[in-house]
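So the structure is just underneath, and the comments pick up after that.
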Amino acid sequence: MHCRALPVEALPHQPKLLRDYLHAYDLVAPFFQHKPQLESVLQVARTLEYPVARRTEVAAVLRRQNELLGAGSDTFANLDRFANGAVAVVSGQQVGLFSGPAYAVYKAIAAIRIAKDLTAQGVDAVPVFWMATEDHDLEEIRHATFFSDGKLTEFALPQGVGNGAPVGRIPLGTEVQALQRAAAAMLGGAEDGELAAILQKCYQPEETYGSAFGKLFARLLKTAGLILLDPLDLRLHRLAQPLLARAVEERDAIDEALLARDKQLDQAGYAPQVKVTAHSTVLFHISRDGRQVIIDGGGKFASGNRKWDRQELLDAVRNEPENFSPNALFRPVVQDYLLPTAAYIGGPAEISYFAQSEVLYSLLLGRMPVMLSRADFTLVDAKAQRLLKQYGIDVEQVWEGPQEVGKRMSAASIPEDLAKLLEDNSAVIRGRLQQWSDAVSMLDPTLQPAVETAQKKIEYQSEKLQQMIGRALDRKSGVLAAHEEFLSNLIYPRKTLQSRELCFLPFAARWGQAAFEEIERHSSIKNAGTHFIIPVP
């Protein structure tokens with residue numbers, strides 16, 4: 001089996017906006033500022049304006065954060081480059097248990113590769129990974145799914161914790177110990193247990209979802225120079241305070257622009273990713289009650305039990321910026337206020353977010369990075385490669401769903417009319433035996449007992465043969481069911497693309513360092529939005 005590249009159109013359930021963004025940019029040009037290509041990134045990087053004082057302060061924060069996470073020397077070398085003027089290639093993801101779905105790792109690797117590509121083109125660039133620690137949706141990150149021996153194993157921490165608080169502040173608790181031991185036991189292979197040891201070291205009860213994730217990524221990508229960023233940091237909130245305050249000052253203009261953008265998207269045939277109403281703001285308030293959206297009720301603002309008039313809210317943002325955070329549309333603008341971002345690597349949903357966020361970039365920041373769709377991957381192990389070849393099917397057909405896969409496998413291994421053939425032939429044999437009995441009775445009635453004996457023997461052997469064939473069919477069906485389950489669990493787990501459901505760690509443990517190198521090799525700008533089918537050991 002060879003590596004194959006597939007366009008986004010070949011994948012199931014991909015949004016129309018993403019397809020047009022990659023292959024018909026003129027249709028979506030009103031919603032973005034740059035084409036997704038190398039020339040655009042180079043142009044943005046060479047003209048990007050970013051205050052020196054802000055760079056110095058952000059560099060100091062990032063240096064301290066990465067020291068605490070245990071980053072390697074390559075990360076600190078990149079931090080020196082950042083402090084001296086390098087632009088940032090940014091990606092990010094929620095801080096999922098045990099690194100979350102595989103695409104979190106793919107996004108980090110893409111940022112690493114594209115930063116190298118820009119540097120090779122004469123634009124100094126470093127990779128930054130924005131950990132979404134401010135997100136409060138614990139349900140999305142508290143579990144991880146491993147593929148092992150053809151089965152899906154889910155690890156999950158309790159959901160009854162957190163109270164809507166930012167996930168980066170929620171401790172893992174003692175329940176994580178049993179999970180990390182079980183997960184580590186499944187991570188043998190090419191690294192001789194090194195990955196298992198890393199996992200156990202990072203996921204301890206006193207760690208939070210954010211710190212454990214950061215420490216794991218710092219070690220997984222230790223030699224790649226990845227800079228990790230935790231936006232919950234008080235110092236970053238203070239640096240972003242002027243922008244957060246503008247979100248209050250210009251709330252009416254922001255809401256009007258977002259509502260207009262939603263109408264434009266709808267008229268163009270694209271569904272807005274985030275619902276905006278006349279009462280929306282782009283801010284959340286963080287308190288002991290959790291992270292709650294702020295609603296505008298005609299100049300009177302509310303979040304949970306808290307209420308402010310416009311000036312009170314503005315004063316609160318200015319005096320305690322650590323208690324406010326951006327929503328999904330405003331978050332990337334805050335990110336790119338804090339960072340000199342030339343390119344952002346996102347997934348399908350994020351491309352749609354940015355089509356709405358573009359109006360916020362125009363109103364509040366005056367610049368926007370180039371949006372690049374991450375390369376994606378389906379990894380196919382040796383057993384799956386053999387099964388695909390045995391049944392004459394490919395990955396795209398597995399994406400049609402388990403039922404269709406089962407039909408194709410049955411057609412390839414069991415003749416569809418075999419059962420009917422056996423039933424029809426059995427009826428013919430019984431008819432022939434009866435004809436013999438009738439003929440012999442007319443010729444010599446004394447032969448009738450011998451004929452009946454022969455008839456019973458033939459019927460017995462016929463029935464015995466049918467039973468043997470039936471058991472063989474049952475065994476074959478059981479084998480087929482097991483093979484179908486194996487392929488579906490690996491390639492289309494829970495009817496979802498592999499990278500969105502399965503954790504990357506079991507693949508990395510089995511494949512070794514070559515896993516990271518192979519993913520990076522395919523993650524250049526020219527491959528943005530491409531899906532690769534890659535055979536693995």
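We name chains A, B, ... following the order of the structure tokens; residues begin at 1 in each chain, and ligands are numbered from 1 as shown.
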Mind checking DSSP for region 130-305 of chain A and telling me the alpha helix (DSSP H) residues as JSON, numbers by chain? {"A": [175, 176, 177, 178, 179, 180, 181, 182, 183, 184, 185, 194, 195, 196, 197, 198, 199, 200, 201, 202, 209, 210, 211, 212, 213, 214, 215, 216, 217, 218, 219, 220, 234, 235, 236, 237, 238, 239, 241, 242, 243, 244, 245, 246, 247, 248, 249, 251, 252, 253, 254, 255, 256, 257, 258, 259, 260, 261, 262, 263, 264, 265, 266, 267]}
Polymer residues at most 9 Å from Phe354 (chain A), only C-alpha atoms, same-chain spacing of 4 or more positions, as number ranges by chain: A: 31-32, 329, 332, 349-350, 358-359, 371
Which residues of region 61-106 of chain A come within 9 Å of region 377-391 of chain A, and what is each one's closest atom pair and distance in Å (one decimal), counting only C-alpha atoms, sorted by chain and residue number, as a tab-separated table?
residue	atom	partner	partner_atom	distance
A:Ala102	CA	A:Phe377	CA	9.0
A:Tyr103	CA	A:Phe377	CA	8.3
A:Tyr106	CA	A:Phe377	CA	8.3
Using only C-alpha atoms, which residue out of A:Asp394, A:Arg306, A:Leu68, A:Asp336 lies closest to His2 (chain A)?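 Counting only C-alpha atoms, the residue closest to His2 (chain A) is A:Asp394.
For Arg81 (chain A), the list of residues within 12 Å, based on only C-alpha atoms and with local chain neighbours fewer than 2 positions off taken out, reads A:Arg55, A:Thr56, A:Ala59, A:Arg63, A:Asp74, A:Thr75, A:Phe76, A:Ala77, A:Asn78, A:Leu79, A:Ala83, A:Asn84, A:Gly85, A:Ala86, A:Val87, A:Ala88, A:Ala115, A:Thr119, A:Val123, A:Asp124, A:Ala125, A:Val126, A:Pro127, A:Gly225, A:Ile227.
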Counting only C-alpha atoms, give me one row per residue of region 44-74 of chain A with an atom at most 10 Å from an atom of region 235-257 of chain A, showing the shortest contact pair and its distance in Å to one decimal, sorted by chain then residue number, as a Markdown table.
| residue | atom | partner | partner_atom | distance |
| --- | --- | --- | --- | --- |
| A:Arg54 | CA | A:Leu239 | CA | 7.6 |
| A:Glu57 | CA | A:Leu239 | CA | 8.2 |
| A:Val58 | CA | A:Leu236 | CA | 7.3 |
| A:Ala60 | CA | A:Arg235 | CA | 9.9 |
| A:Val61 | CA | A:Arg235 | CA | 7.2 |
| A:Leu62 | CA | A:Leu236 | CA | 9.5 |
Pick the closest to Leu505 (chain A) from A:Gly100, A:Gly122, A:Gly150, A:Gly299: which is it, counting only C-alpha atoms? A:Gly100
Pick from A:Gln94, A:Ser373, A:Gln311, A:Gln273: nearest to Ser352 (chain A), with only C-alpha atoms counted?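 Among A:Gln94, A:Ser373, A:Gln311, A:Gln273, it is A:Gln273 that comes nearest to Ser352 (chain A).
Distances to Leu360 (chain A) were evaluated for A:Ile519, A:Val428, A:Leu259, A:Val479 using only C-alpha atoms, and the minimum falls at A:Leu259.
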Pick out the residues sitting within 6 Å of region 157-166 of chain A, and hand them over as a count of residues only; count only C-alpha atoms, and ignore anything fewer than 4 positions along from it in its own chain. 7
From a backbone DSSP assignment, name each residue in region 113-208 of chain A labelled strand (DSSP E or B), as an mmCIF file with C-alpha atoms, in the first residue's frame.
data_model
loop_
_atom_site.group_PDB
_atom_site.id
_atom_site.type_symbol
_atom_site.label_atom_id
_atom_site.label_comp_id
_atom_site.auth_asym_id
_atom_site.auth_seq_id
_atom_site.Cartn_x
_atom_site.Cartn_y
_atom_site.Cartn_z
ATOM 1 C CA ALA A 125 9.281 32.405 11.823
ATOM 2 C CA VAL A 126 8.602 30.316 14.942
ATOM 3 C CA PRO A 127 5.768 27.877 15.753
ATOM 4 C CA VAL A 128 3.331 28.738 18.572
ATOM 5 C CA PHE A 129 0.595 26.479 19.934
ATOM 6 C CA TRP A 130 -2.321 28.210 21.664
ATOM 7 C CA MET A 131 -3.714 25.860 24.313
ATOM 8 C CA HIS A 143 -11.919 11.625 27.456
ATOM 9 C CA ALA A 144 -9.531 10.028 24.960
ATOM 10 C CA THR A 145 -9.933 7.028 22.670
ATOM 11 C CA PHE A 146 -7.122 4.567 21.952
ATOM 12 C CA PHE A 147 -7.132 2.045 19.112
ATOM 13 C CA SER A 148 -5.512 -1.223 20.214
ATOM 14 C CA LYS A 151 -10.779 -2.401 19.652
ATOM 15 C CA LEU A 152 -11.613 1.105 20.846
ATOM 16 C CA THR A 153 -10.699 1.818 24.452
ATOM 17 C CA GLU A 154 -12.073 5.000 25.955
ATOM 18 C CA PHE A 155 -10.471 6.686 28.928
ATOM 19 C CA ALA A 156 -12.650 9.263 30.665
ATOM 20 C CA PRO A 171 -7.271 19.587 38.463
ATOM 21 C CA THR A 208 -4.733 20.504 35.589
#
